[in-house]
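S.K.: Can you keep this structure in mind? I'll have questions shortly.
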Protein chains: 2
Amino acid sequence: MRIAIIGYGGVGKAFVQLLADKKDYLRLKPIDIQLNYVIGRHGGIYDPEGIKCNALAEFSKNQRDITEFIPGGSKEVNFDLMLRNGDIDAIIEMTPTNKETGEPGMSHITRALENKVHVITSNKGPILLAYKKLNNIAIKNNVQLAIGCTTGGALPSINGGIIDLAGSEITSIEGVLNGTTNFIINEMEETACTYSEGLMKAQQLGIAETDPTLDVEGWDTASKLLILTNVLMNEEKTLENITVEGITNLKARDVADALKDDKKYKLIGKTIKTACGIEMSVKLEKLGKEHPLYGVDAKNKAVRYVSDTLGELTIIGGASGVTPAAASILRDLININRGYRYSN
Amino acid sequence: MRIAIIGYGGVGKAFVQLLADKKDYLRLKPIDIQLNYVIGRHGGIYDPEGIKCNALAEFSKNQRDITEFIPGGSKEVNFDLMLRNGDIDAIIEMTPTNKETGEPGMSHITRALENKVHVITSNKGPILLAYKKLNNIAIKNNVQLAIGCTTGGALPSINGGIIDLAGSEITSIEGVLNGTTNFIINEMEETACTYSEGLMKAQQLGIAETDPTLDVEGWDTASKLLILTNVLMNEEKTLENITVEGITNLKARDVADALKDDKKYKLIGKTIKTACGIEMSVKLEKLGKEHPLYGVDAKNKAVRYVSDTLGELTIIGGASGVTPAAASILRDLININRGYRYSN
């Protein structure tokens with residue numbers, strides 16, 4: 001399988017490192033992956049014989065301009081050239097997310113699918129805005145659109161819904177989908193600190209961003225919930241259909257009181273299918289210790305589905321960081337390589 | 001996809017009912033399943049136009065001899081006839097398990113694969129005894145051997161290891177894999193009864209069998225652990241490689257003491273990859289409430305994997321009963337239909 005990386009940031013670098021580290025493992029399976037392109041903002045690398053991942057991983061450690069990589073680095077290497085050459089089977093789209101227009105990811109994904117190239121993406125923007133449209137382009141061109149990385153990275157939430165519940169109808173989705181808020185609440189539980197102190201700790205550790213709004217006000221959870229709902233329940237909802245509350249009003253006293261009752265707060269994204277349609281919300285909930293999501297600790301995420309014929313399915317996992325995110329991209333790529341048709 | 005049911009017991013009947021109930025759903029996906037054969041011990045049903053699942057489900061409610069089903073029922077319909085006719089793409093092998101010889105499942109599975117027919121099976125015997133050999137026959141003939149139902153039914157333990165951790169190396173497997181023992185321990189926790197009383201309750205409810213040895217002495221857990229280990233870690237271990245303890249010596253007092261410490265007993269099957277090789281055991285363990293398997297209640301099962309690049313993955317689910325078991329067969333069938341190559 002000849003692939004191209006589009007957007008070479010932290011996860012892209014981790015992915016190249018993974019291809020280097022897993023070379024023997026993949027050959028054993030056998031899964032043949034050849035990286036022909038890495039395309040950044042101002043040029044890229046093209047090697048029709050396959051870029052040496054070991055060398056590129058080493059080169060990338062020094063934050064050098066990829067157009068200087070030898071052999072193949074050039075300011076002339078771009079998305080258009082790649083499509084014209086026509087020597088790839090799949091692109092890994094990892095450009096920065098834009099939730100207003102989806103660009104540049106939207107164009108990359110659309111054009112790749114139209115050129116009968118599989119797409120694996122970590123880019124939430126285009127998927128939030130136009131999953132159904134993009135998936136239909138994939139179906140029409142008999143290629144796959146795989147989006148596992150957009151809804152919790154290493155947490156196999158999309159696989160869980162599509163593959164592990166194949167043939168079953170999902171009637172509810174419930175998840176602890178945001179690592180940052182889960183860390184802050186955990187910190188409040190363990191050190192009896194305030195929300196602000198918990199946030200500051202998360203920022204010091206690089207877990208929360210300088211502007212933590214999207215995480216702490218629940219929008220990251222809402223985005224993931226929306227993708228899961230649209231993909232797994234065949235809906236076309238938007239963020240406006242979700243009632244969203246964050247964790248910014250959580251008091252140290254509430255956390256302490258809950259703990260006394262053996263309960264824990266979690267920021268829960270939830271979709272329920274009712275007779276009147278789909279209800280979606282993101283809000284703090286107090287869970288008892290018998291609840292399957294009670295034990296989801298700071299380093300994990302989780303999703304719980306209820307289905308008609310396969311019962312409940314709770315999936316806990318999703319280690320944070322660029323390597324697990326890259327590994328979730330590799331997972332989608334391998335499953336496409338093994339023939340799975342995500343787009344039906 | 002033209003299929004045949006081999007072995008028409010409780011799960012087989014539930015599967016036919018499911019095909020009838022899910023007819024519109026499957027057509028929508030679209031997944032085209034046509035049941036051409038149902039083969040029992042003394043004959044079967046053959047309809048090259050597809051057996052009417054609705055009518056057969058209704059017919060089967062009265063425990064009538066399937067050879068009397070019209071159209072197509074006959075004492076002449078058998079496995080040999082089916083292979084000679086050559087008008088099927090997959091068999092669902094559900095004959096009773098024999099853990100000594102694997103027969104008659106072993107012959108059915110072998111001959112189907114050799115005839116380039118996919119196999120989906122719920123039959124632990126042949127898989128316990130000869131997974132690698134059978135899988136190699138599948139690979140050689142470019143068809144699939146899917147065994148999801150053998151390791152916890154609705155619990156997607158095999159999918160979790162193969163698909164959801166694709167590209168990752170599993171370094172440990174840990175599971176609550178037996179519903180009966182989990183029910184008995186739960187009963188001891190909730191009613192402070194003795195082991196014998198818990199067992200009797202399970203037998204009264206039809207959860208435990210009259211001879212509960214395989215469950216309560218840990219051998220059912222050991223069988224499932226063995227299959228998971230051989231399939232997911234590419235091993236060829238046997239039951240003799242597992243240290244097995246059951247729950248028969250669990251005292252009401254131990255259960256009560258554990259509860260006081262906020263701990264719960266679970267019968268845990270565990271495989272760990274160490275520098276010296278594979279270590280496998282089945283034994284009672286006391287889990288604290290932060291452990292991901294703590295909350296696995298009586299009606300569920302669970303498995304937890306640790307992997308090198310995708311971190312931890314805990315899967316809780318696996319409703320009991322013939323319908324979820326049948327739904328797990330349908331899941332494997334749909335995933336093969338969607339192109340997945342379980343046998344690489």
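Each chain of the structure tokens is named A, B, ... in the order shown, its residues numbered from 1; ligands are numbered from 1 in display order.
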Excluding Gly218 in chain B and its own-chain neighbours fewer than 4 positions away, which residues fall within 9 Å of it when counting only C-alpha atoms? Please give them as a PyMOL selection string.
M.R.: chain B and resi 178+181+213-214+222-223+244-247+267+269+282-283
S.K.: How would the residues just chosen look if you wrote them out with C-alpha atoms as a compact mmCIF listing (two decimals), in the first residue's frame?
M.R.:
```
# COMPACT_ATOMS: atom_id res chain seq x y z
CA ASN B 178 -17.36 -16.88 32.55
CA THR B 181 -19.07 -17.97 38.16
CA THR B 213 -17.84 -28.55 36.91
CA LEU B 214 -16.53 -26.89 33.74
CA ALA B 222 -9.33 -21.49 30.77
CA SER B 223 -10.69 -22.57 27.36
CA VAL B 244 -6.36 -23.45 36.80
CA GLU B 245 -8.22 -22.81 40.06
CA GLY B 246 -11.99 -22.45 40.33
CA ILE B 247 -14.28 -20.76 42.81
CA LEU B 267 -12.48 -15.30 38.59
CA GLY B 269 -8.13 -15.63 33.41
CA VAL B 282 -7.12 -18.88 36.03
CA LYS B 283 -7.74 -17.90 39.64
```
S.K.: So that I can check the surroundings of range 234-242 of chain A, please list as a list in words every protein, DNA and RNA residue that reaches within 9 Å of it, counting only C-alpha atoms and ignoring chain neighbours fewer than 3 positions away.
M.R.: Leu128, Leu129, Ala130, Tyr131, Lys132, Trp219, Ala222, Ser223, Leu226, Ile227, Thr229, Asn230, Val231, Thr271, Ile278, Glu279, Met280, Ser281 and Val282 of chain A
S.K.: Those same residues, written as a PDB file, in the first residue's frame with C-alpha atoms?
M.R.:
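Writing done, so here's again-v6.pdb:
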```
ATOM      1  CA  LEU A 128     -17.857  17.311  11.858  1.00  0.00           C
ATOM      2  CA  LEU A 129     -19.081  19.396   8.955  1.00  0.00           C
ATOM      3  CA  ALA A 130     -19.621  16.857   6.198  1.00  0.00           C
ATOM      4  CA  TYR A 131     -19.161  13.199   7.161  1.00  0.00           C
ATOM      5  CA  LYS A 132     -22.138  11.910   5.209  1.00  0.00           C
ATOM      6  CA  TRP A 219     -17.030  21.475  23.072  1.00  0.00           C
ATOM      7  CA  ALA A 222     -19.560  17.567  21.998  1.00  0.00           C
ATOM      8  CA  SER A 223     -17.570  17.338  18.744  1.00  0.00           C
ATOM      9  CA  LEU A 226     -21.508  14.456  17.279  1.00  0.00           C
ATOM     10  CA  ILE A 227     -19.199  12.435  15.033  1.00  0.00           C
ATOM     11  CA  THR A 229     -23.799   9.976  16.570  1.00  0.00           C
ATOM     12  CA  ASN A 230     -23.738  10.914  12.892  1.00  0.00           C
ATOM     13  CA  VAL A 231     -21.561   7.961  11.896  1.00  0.00           C
ATOM     14  CA  THR A 271     -26.925  10.532  22.836  1.00  0.00           C
ATOM     15  CA  ILE A 278     -32.305  11.909  19.014  1.00  0.00           C
ATOM     16  CA  GLU A 279     -31.398  13.692  22.289  1.00  0.00           C
ATOM     17  CA  MET A 280     -27.822  14.854  22.758  1.00  0.00           C
ATOM     18  CA  SER A 281     -26.138  16.428  25.763  1.00  0.00           C
ATOM     19  CA  VAL A 282     -22.784  17.087  27.371  1.00  0.00           C
TER      20      VAL A 282
END
```
S.K.: In Å, rounded to a single decimal, give me how far CA of Ala325 in chain B is from CA of Val303 in chain B.
M.R.: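 CA of Val303 in chain B sits 16.9 Å away from CA of Ala325 in chain B.
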S.K.: Which polymer residues have any atom within 9 Å of an atom of range 51-56 of chain B, counting only C-alpha atoms, with same-chain residues fewer than 3 positions away left out, as a PDB file with C-alpha atoms, in the first residue's frame?
M.R.:
```
ATOM      1  CA  LYS B  13     -32.887 -21.128  16.131  1.00  0.00           C
ATOM      2  CA  VAL B  16     -32.831 -17.815  12.158  1.00  0.00           C
ATOM      3  CA  GLN B  17     -35.148 -15.625  14.251  1.00  0.00           C
ATOM      4  CA  LEU B  18     -32.554 -12.826  14.040  1.00  0.00           C
ATOM      5  CA  LEU B  19     -32.320 -13.128  10.247  1.00  0.00           C
ATOM      6  CA  ALA B  20     -36.121 -12.833  10.125  1.00  0.00           C
ATOM      7  CA  ASP B  21     -36.231  -9.853  12.535  1.00  0.00           C
ATOM      8  CA  GLN B  34     -29.546 -15.945   1.857  1.00  0.00           C
ATOM      9  CA  LEU B  35     -29.988 -19.069   4.003  1.00  0.00           C
ATOM     10  CA  ASN B  36     -29.775 -22.040   1.641  1.00  0.00           C
ATOM     11  CA  TYR B  37     -29.312 -24.912   4.116  1.00  0.00           C
ATOM     12  CA  VAL B  38     -30.124 -25.862   7.669  1.00  0.00           C
ATOM     13  CA  ILE B  45     -33.654 -28.211   4.820  1.00  0.00           C
ATOM     14  CA  TYR B  46     -32.415 -27.148   1.406  1.00  0.00           C
ATOM     15  CA  ASP B  47     -33.875 -24.336  -0.634  1.00  0.00           C
ATOM     16  CA  PRO B  48     -31.682 -22.924  -3.411  1.00  0.00           C
ATOM     17  CA  PHE B  59     -42.030 -23.659  12.623  1.00  0.00           C
ATOM     18  CA  SER B  60     -39.093 -24.110  15.035  1.00  0.00           C
ATOM     19  CA  LYS B  61     -41.013 -22.792  18.042  1.00  0.00           C
ATOM     20  CA  ILE B  66     -36.797 -29.835  10.541  1.00  0.00           C
ATOM     21  CA  PHE B  69     -40.342 -28.210   6.996  1.00  0.00           C
ATOM     22  CA  PRO B  71     -40.447 -26.480   1.226  1.00  0.00           C
ATOM     23  CA  GLY B  72     -37.078 -28.184   1.330  1.00  0.00           C
TER      24      GLY B  72
END
```
S.K.: At a cut-off of 8 Å, which residues of chain B touch chain A? Count only C-alpha atoms and give the answer as a ChimeraX atom specification.
M.R.: /B:26,29-30,154-156,159-160,163-168,289-292,295-297,309-319,323-324,327-328,330-332,334-335,338-342,344
S.K.: Let's have the selection written as a compact mmCIF listing (two decimals), in the first residue's frame, with N, CA and C atoms.
M.R.:
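Printed below is again.txt as written:
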```txt
# COMPACT_ATOMS: atom_id res chain seq x y z
N LEU B 26 -30.89 -5.39 7.37
CA LEU B 26 -29.80 -5.92 6.57
C LEU B 26 -29.92 -5.47 5.12
N LYS B 29 -28.50 -1.98 4.65
CA LYS B 29 -27.06 -1.72 4.88
C LYS B 29 -26.23 -1.50 3.61
N PRO B 30 -26.27 -2.19 2.52
CA PRO B 30 -27.00 -3.41 2.24
C PRO B 30 -26.11 -4.64 2.47
N ALA B 154 -21.34 -12.45 22.82
CA ALA B 154 -21.52 -11.05 22.42
C ALA B 154 -20.32 -10.17 22.78
N LEU B 155 -19.52 -10.57 23.75
CA LEU B 155 -18.32 -9.79 24.10
C LEU B 155 -17.34 -9.81 22.92
N PRO B 156 -17.02 -8.65 22.35
CA PRO B 156 -16.16 -8.69 21.15
C PRO B 156 -14.68 -8.82 21.50
N ASN B 159 -12.49 -9.62 18.19
CA ASN B 159 -12.43 -8.37 17.42
C ASN B 159 -11.54 -7.35 18.11
N GLY B 160 -11.72 -7.23 19.44
CA GLY B 160 -10.93 -6.27 20.21
C GLY B 160 -9.44 -6.49 20.01
N ILE B 163 -8.83 -6.50 15.60
CA ILE B 163 -9.17 -5.31 14.82
C ILE B 163 -8.89 -4.02 15.58
N ASP B 164 -9.36 -3.97 16.86
CA ASP B 164 -9.24 -2.72 17.61
C ASP B 164 -7.81 -2.46 18.08
N LEU B 165 -6.99 -3.50 18.09
CA LEU B 165 -5.57 -3.31 18.43
C LEU B 165 -4.68 -3.66 17.24
N ALA B 166 -5.23 -3.59 16.05
CA ALA B 166 -4.44 -3.90 14.84
C ALA B 166 -3.18 -3.04 14.80
N GLY B 167 -2.06 -3.68 14.56
CA GLY B 167 -0.79 -2.97 14.48
C GLY B 167 -0.10 -2.82 15.82
N SER B 168 -0.77 -3.26 16.89
CA SER B 168 -0.21 -3.16 18.23
C SER B 168 0.09 -4.56 18.74
N LYS B 289 -11.82 -0.98 43.61
CA LYS B 289 -12.83 -0.32 42.77
C LYS B 289 -12.25 0.52 41.65
N GLU B 290 -10.95 0.76 41.66
CA GLU B 290 -10.34 1.50 40.56
C GLU B 290 -9.98 0.58 39.40
N HIS B 291 -10.04 -0.74 39.64
CA HIS B 291 -9.67 -1.69 38.58
C HIS B 291 -10.78 -1.71 37.52
N PRO B 292 -10.40 -1.66 36.25
CA PRO B 292 -11.42 -1.60 35.19
C PRO B 292 -12.38 -2.80 35.19
N GLY B 295 -16.23 -3.35 38.08
CA GLY B 295 -17.66 -3.12 37.89
C GLY B 295 -18.34 -4.10 36.93
N VAL B 296 -17.67 -5.16 36.55
CA VAL B 296 -18.27 -6.13 35.62
C VAL B 296 -19.31 -6.94 36.38
N ASP B 297 -20.56 -6.60 36.18
CA ASP B 297 -21.60 -7.22 36.99
C ASP B 297 -22.04 -8.58 36.45
N THR B 309 1.59 -0.02 21.74
CA THR B 309 1.44 1.34 21.21
C THR B 309 0.05 1.94 21.39
N LEU B 310 -0.96 1.11 21.67
CA LEU B 310 -2.31 1.65 21.85
C LEU B 310 -2.74 1.63 23.32
N GLY B 311 -1.82 1.36 24.21
CA GLY B 311 -2.12 1.42 25.64
C GLY B 311 -3.04 0.30 26.09
N GLU B 312 -3.85 0.59 27.11
CA GLU B 312 -4.77 -0.40 27.65
C GLU B 312 -6.10 -0.35 26.90
N LEU B 313 -6.72 -1.51 26.78
CA LEU B 313 -8.05 -1.56 26.19
C LEU B 313 -8.89 -2.53 27.01
N THR B 314 -9.94 -2.01 27.65
CA THR B 314 -10.85 -2.86 28.41
C THR B 314 -12.19 -2.89 27.71
N ILE B 315 -12.72 -4.08 27.50
CA ILE B 315 -14.00 -4.24 26.81
C ILE B 315 -14.94 -4.97 27.75
N ILE B 316 -16.05 -4.30 28.09
CA ILE B 316 -17.02 -4.91 29.01
C ILE B 316 -18.32 -5.09 28.25
N GLY B 317 -18.91 -6.28 28.31
CA GLY B 317 -20.16 -6.49 27.59
C GLY B 317 -20.48 -7.96 27.53
N GLY B 318 -21.10 -8.36 26.44
CA GLY B 318 -21.31 -9.78 26.27
C GLY B 318 -22.51 -10.29 27.01
N ALA B 319 -23.68 -9.68 26.76
CA ALA B 319 -24.93 -10.16 27.32
C ALA B 319 -25.06 -11.66 27.09
N THR B 323 -29.89 -15.19 22.02
CA THR B 323 -29.97 -14.10 21.04
C THR B 323 -28.64 -13.34 20.91
N PRO B 324 -28.02 -12.90 22.02
CA PRO B 324 -26.71 -12.26 21.87
C PRO B 324 -25.68 -13.19 21.23
N ALA B 327 -26.39 -13.11 17.68
CA ALA B 327 -26.01 -11.79 17.15
C ALA B 327 -24.49 -11.70 16.96
N SER B 328 -23.74 -12.44 17.78
CA SER B 328 -22.28 -12.42 17.62
C SER B 328 -21.88 -13.21 16.36
N LEU B 330 -23.87 -13.32 13.69
CA LEU B 330 -24.26 -12.39 12.62
C LEU B 330 -23.20 -11.30 12.45
N ARG B 331 -22.66 -10.82 13.57
CA ARG B 331 -21.58 -9.81 13.51
C ARG B 331 -20.40 -10.31 12.68
N ASP B 332 -19.93 -11.52 12.97
CA ASP B 332 -18.80 -12.06 12.21
C ASP B 332 -19.15 -12.19 10.73
N ILE B 334 -21.34 -10.44 8.99
CA ILE B 334 -21.38 -9.11 8.37
C ILE B 334 -19.97 -8.57 8.15
N ASN B 335 -19.09 -8.77 9.12
CA ASN B 335 -17.73 -8.25 8.96
C ASN B 335 -16.98 -8.97 7.83
N ARG B 338 -18.31 -7.49 4.76
CA ARG B 338 -17.73 -6.16 4.51
C ARG B 338 -16.25 -6.26 4.14
N GLY B 339 -15.79 -7.48 3.93
CA GLY B 339 -14.46 -7.64 3.36
C GLY B 339 -13.35 -7.97 4.34
N TYR B 340 -13.67 -8.06 5.66
CA TYR B 340 -12.58 -8.22 6.60
C TYR B 340 -11.90 -9.57 6.48
N ARG B 341 -10.59 -9.55 6.45
CA ARG B 341 -9.82 -10.79 6.40
C ARG B 341 -9.30 -11.12 7.79
N TYR B 342 -10.08 -11.94 8.53
CA TYR B 342 -9.64 -12.37 9.86
C TYR B 342 -8.40 -13.24 9.74
N ASN B 344 -5.13 -14.02 8.10
CA ASN B 344 -4.16 -13.33 7.27
C ASN B 344 -3.08 -14.27 6.79
```
S.K.: Using DSSP secondary structure from the backbone, list all strand (DSSP E or B) positions within range 73-316 of chain A, as a PyMOL selection string.
M.R.: chain A and resi 73-74+90-93+118-121+145-146+170-176+242-244+263-274+277-288+301-307+312-316
S.K.: Can you pull out every residue within 10 Å of Thr97 in chain A, counting only C-alpha atoms, but drop anything in the same chain fewer than 3 positions away, and send it as a list in words?
M.R.: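 These residues fall inside the cut-off: Met94, Glu100, Thr101, Gly102, Glu103, Pro104, Gly105, Met106, Ser122, Asn123, Lys124, Gly125, Pro126 and Ile127 of chain A.
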S.K.: What does the structure give for the distance between CA of Met200 in chain A and CA of Ile184 in chain A, in Å to one decimal?
M.R.: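 Interatomic distance, CA of Met200 in chain A to CA of Ile184 in chain A: 8.9 Å.
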S.K.: Just the number, please: distance in Å from CA of Asp220 in chain A to CA of Ile268 in chain A, one decimal.
M.R.: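 So the two atoms, CA of Asp220 in chain A and CA of Ile268 in chain A, lie 11.5 Å apart.
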S.K.: Could you pull out the residues in range 142-215 of chain B that DSSP calls alpha helix (DSSP H) from the backbone, as a ChimeraX atom specification?
M.R.: /B:157-162,179-191,195-204,213-215
S.K.: Measuring between only C-alpha atoms, which one of A:Ala256, A:Ala57, A:Leu225, A:Leu134 shows the shortest distance to Lys270 in chain A?
M.R.: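 Closest to Lys270 in chain A, using only C-alpha atoms: A:Leu225.
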S.K.: Leaving out Glu187 in chain A and any residue of its chain fewer than 2 positions from it, which residues lie within 10 Å of it when counting only C-alpha atoms, given as a ChimeraX atom specification?
M.R.: /A:181-185,189-195,197-199,201-202,298
S.K.: Please produce an output containing all heavy atoms for each residue in the selection, written as a CSV table (one decimal), in the first residue's frame.
M.R.:
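Final output, saved to part33.csv:
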```csv
chain,number,residue,atom,x,y,z
A,181,THR,N,-10.5,17.3,30.7
A,181,THR,CA,-11.5,17.5,31.8
A,181,THR,C,-11.4,16.3,32.8
A,181,THR,O,-11.6,16.5,34.0
A,181,THR,CB,-12.9,17.7,31.2
A,181,THR,OG1,-13.1,16.6,30.3
A,181,THR,CG2,-13.0,19.0,30.6
A,182,ASN,N,-11.2,15.1,32.3
A,182,ASN,CA,-11.1,14.0,33.1
A,182,ASN,C,-9.9,14.1,34.1
A,182,ASN,O,-10.0,13.8,35.3
A,182,ASN,CB,-11.1,12.7,32.3
A,182,ASN,CG,-11.6,11.5,33.1
A,182,ASN,OD1,-12.6,11.6,33.8
A,182,ASN,ND2,-11.0,10.3,32.9
A,183,PHE,N,-8.8,14.6,33.6
A,183,PHE,CA,-7.7,14.9,34.4
A,183,PHE,C,-7.9,15.9,35.5
A,183,PHE,O,-7.6,15.7,36.7
A,183,PHE,CB,-6.5,15.3,33.6
A,183,PHE,CG,-5.3,15.7,34.4
A,183,PHE,CD1,-4.3,14.7,34.7
A,183,PHE,CD2,-5.1,17.0,34.9
A,183,PHE,CE1,-3.2,15.1,35.6
A,183,PHE,CE2,-4.0,17.3,35.7
A,183,PHE,CZ,-3.1,16.4,36.0
A,184,ILE,N,-8.6,17.0,35.1
A,184,ILE,CA,-8.8,18.1,36.1
A,184,ILE,C,-9.8,17.6,37.2
A,184,ILE,O,-9.5,17.8,38.4
A,184,ILE,CB,-9.5,19.3,35.4
A,184,ILE,CG1,-8.4,19.9,34.4
A,184,ILE,CG2,-9.9,20.4,36.4
A,184,ILE,CD1,-9.0,21.0,33.5
A,185,ILE,N,-10.8,16.9,36.9
A,185,ILE,CA,-11.7,16.3,37.9
A,185,ILE,C,-11.0,15.4,38.8
A,185,ILE,O,-11.1,15.4,40.0
A,185,ILE,CB,-13.0,15.7,37.2
A,185,ILE,CG1,-13.7,16.7,36.4
A,185,ILE,CG2,-13.9,15.1,38.3
A,185,ILE,CD1,-14.8,16.0,35.5
A,189,GLU,N,-10.4,15.5,42.8
A,189,GLU,CA,-10.7,14.4,43.7
A,189,GLU,C,-9.6,14.0,44.6
A,189,GLU,O,-9.7,13.7,45.8
A,189,GLU,CB,-11.2,13.1,42.9
A,189,GLU,CG,-12.6,13.3,42.4
A,189,GLU,CD,-12.9,12.3,41.3
A,189,GLU,OE1,-12.0,11.6,40.8
A,189,GLU,OE2,-14.1,12.2,40.9
A,190,GLU,N,-8.4,13.9,44.0
A,190,GLU,CA,-7.2,13.4,44.7
A,190,GLU,C,-6.6,14.4,45.6
A,190,GLU,O,-6.0,14.0,46.6
A,190,GLU,CB,-6.2,12.8,43.7
A,190,GLU,CG,-6.8,11.5,43.1
A,190,GLU,CD,-5.7,10.8,42.3
A,190,GLU,OE1,-4.6,11.3,42.1
A,190,GLU,OE2,-6.1,9.7,41.8
A,191,THR,N,-6.6,15.7,45.2
A,191,THR,CA,-5.9,16.7,46.1
A,191,THR,C,-6.8,17.7,46.7
A,191,THR,O,-6.4,18.6,47.4
A,191,THR,CB,-4.9,17.5,45.2
A,191,THR,OG1,-5.6,18.3,44.3
A,191,THR,CG2,-4.0,16.5,44.5
A,192,ALA,N,-8.2,17.5,46.5
A,192,ALA,CA,-9.2,18.4,47.1
A,192,ALA,C,-8.9,19.8,46.7
A,192,ALA,O,-9.3,20.8,47.4
A,192,ALA,CB,-9.2,18.2,48.6
A,193,CYS,N,-8.4,20.0,45.5
A,193,CYS,CA,-8.1,21.4,45.0
A,193,CYS,C,-9.3,22.0,44.3
A,193,CYS,O,-10.3,21.3,44.1
A,193,CYS,CB,-6.9,21.4,44.1
A,193,CYS,SG,-7.2,20.6,42.5
A,194,THR,N,-9.3,23.3,44.0
A,194,THR,CA,-10.4,23.9,43.3
A,194,THR,C,-10.2,23.6,41.8
A,194,THR,O,-9.2,23.2,41.3
A,194,THR,CB,-10.4,25.4,43.5
A,194,THR,OG1,-9.2,25.9,42.8
A,194,THR,CG2,-10.4,25.8,44.9
A,195,TYR,N,-11.3,23.9,41.0
A,195,TYR,CA,-11.3,23.8,39.6
A,195,TYR,C,-10.1,24.5,39.0
A,195,TYR,O,-9.4,24.0,38.2
A,195,TYR,CB,-12.6,24.2,39.0
A,195,TYR,CG,-12.5,24.5,37.5
A,195,TYR,CD1,-12.4,23.5,36.6
A,195,TYR,CD2,-12.4,25.8,37.0
A,195,TYR,CE1,-12.2,23.7,35.3
A,195,TYR,CE2,-12.2,26.1,35.7
A,195,TYR,CZ,-12.1,25.0,34.8
A,195,TYR,OH,-12.0,25.2,33.5
A,197,GLU,N,-7.3,25.5,40.3
A,197,GLU,CA,-6.0,24.9,40.6
A,197,GLU,C,-5.8,23.6,39.8
A,197,GLU,O,-4.7,23.4,39.3
A,197,GLU,CB,-5.9,24.5,42.1
A,197,GLU,CG,-5.8,25.8,43.0
A,197,GLU,CD,-6.2,25.5,44.5
A,197,GLU,OE1,-6.8,24.5,44.8
A,197,GLU,OE2,-5.8,26.4,45.3
A,198,GLY,N,-6.9,22.8,39.6
A,198,GLY,CA,-6.8,21.6,38.8
A,198,GLY,C,-6.4,22.0,37.3
A,198,GLY,O,-5.6,21.3,36.7
A,199,LEU,N,-7.0,23.1,36.8
A,199,LEU,CA,-6.8,23.5,35.5
A,199,LEU,C,-5.3,23.9,35.3
A,199,LEU,O,-4.6,23.6,34.4
A,199,LEU,CB,-7.7,24.7,35.1
A,199,LEU,CG,-7.4,25.4,33.8
A,199,LEU,CD1,-7.5,24.4,32.6
A,199,LEU,CD2,-8.3,26.6,33.6
A,201,LYS,N,-2.8,23.0,37.1
A,201,LYS,CA,-1.9,21.8,37.1
A,201,LYS,C,-1.9,21.2,35.7
A,201,LYS,O,-0.8,20.8,35.2
A,201,LYS,CB,-2.4,20.8,38.1
A,201,LYS,CG,-1.7,19.5,38.2
A,201,LYS,CD,-0.4,19.6,39.1
A,201,LYS,CE,0.2,18.3,39.2
A,201,LYS,NZ,-0.4,17.4,40.2
A,202,ALA,N,-3.1,21.0,35.1
A,202,ALA,CA,-3.2,20.4,33.8
A,202,ALA,C,-2.4,21.2,32.7
A,202,ALA,O,-1.7,20.7,31.9
A,202,ALA,CB,-4.6,20.3,33.4
A,298,ALA,N,-7.7,9.1,34.9
A,298,ALA,CA,-7.3,10.3,34.2
A,298,ALA,C,-6.6,10.0,32.9
A,298,ALA,O,-6.7,10.8,32.0
A,298,ALA,CB,-6.3,11.1,35.1
```
S.K.: Between B:Asn115, B:Thr151, B:Asn141, B:Thr243, which one has atoms that come closest to Gly86 in chain B, using only C-alpha atoms?
M.R.: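 Distance minimum relative to Gly86 in chain B lands on B:Asn115.
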S.K.: Residues near Lys286 in chain B, anyone? I mean within 7 Å using only C-alpha atoms, not counting same-chain ones fewer than 5 positions away, as a ChimeraX atom specification.
M.R.: /B:263-266
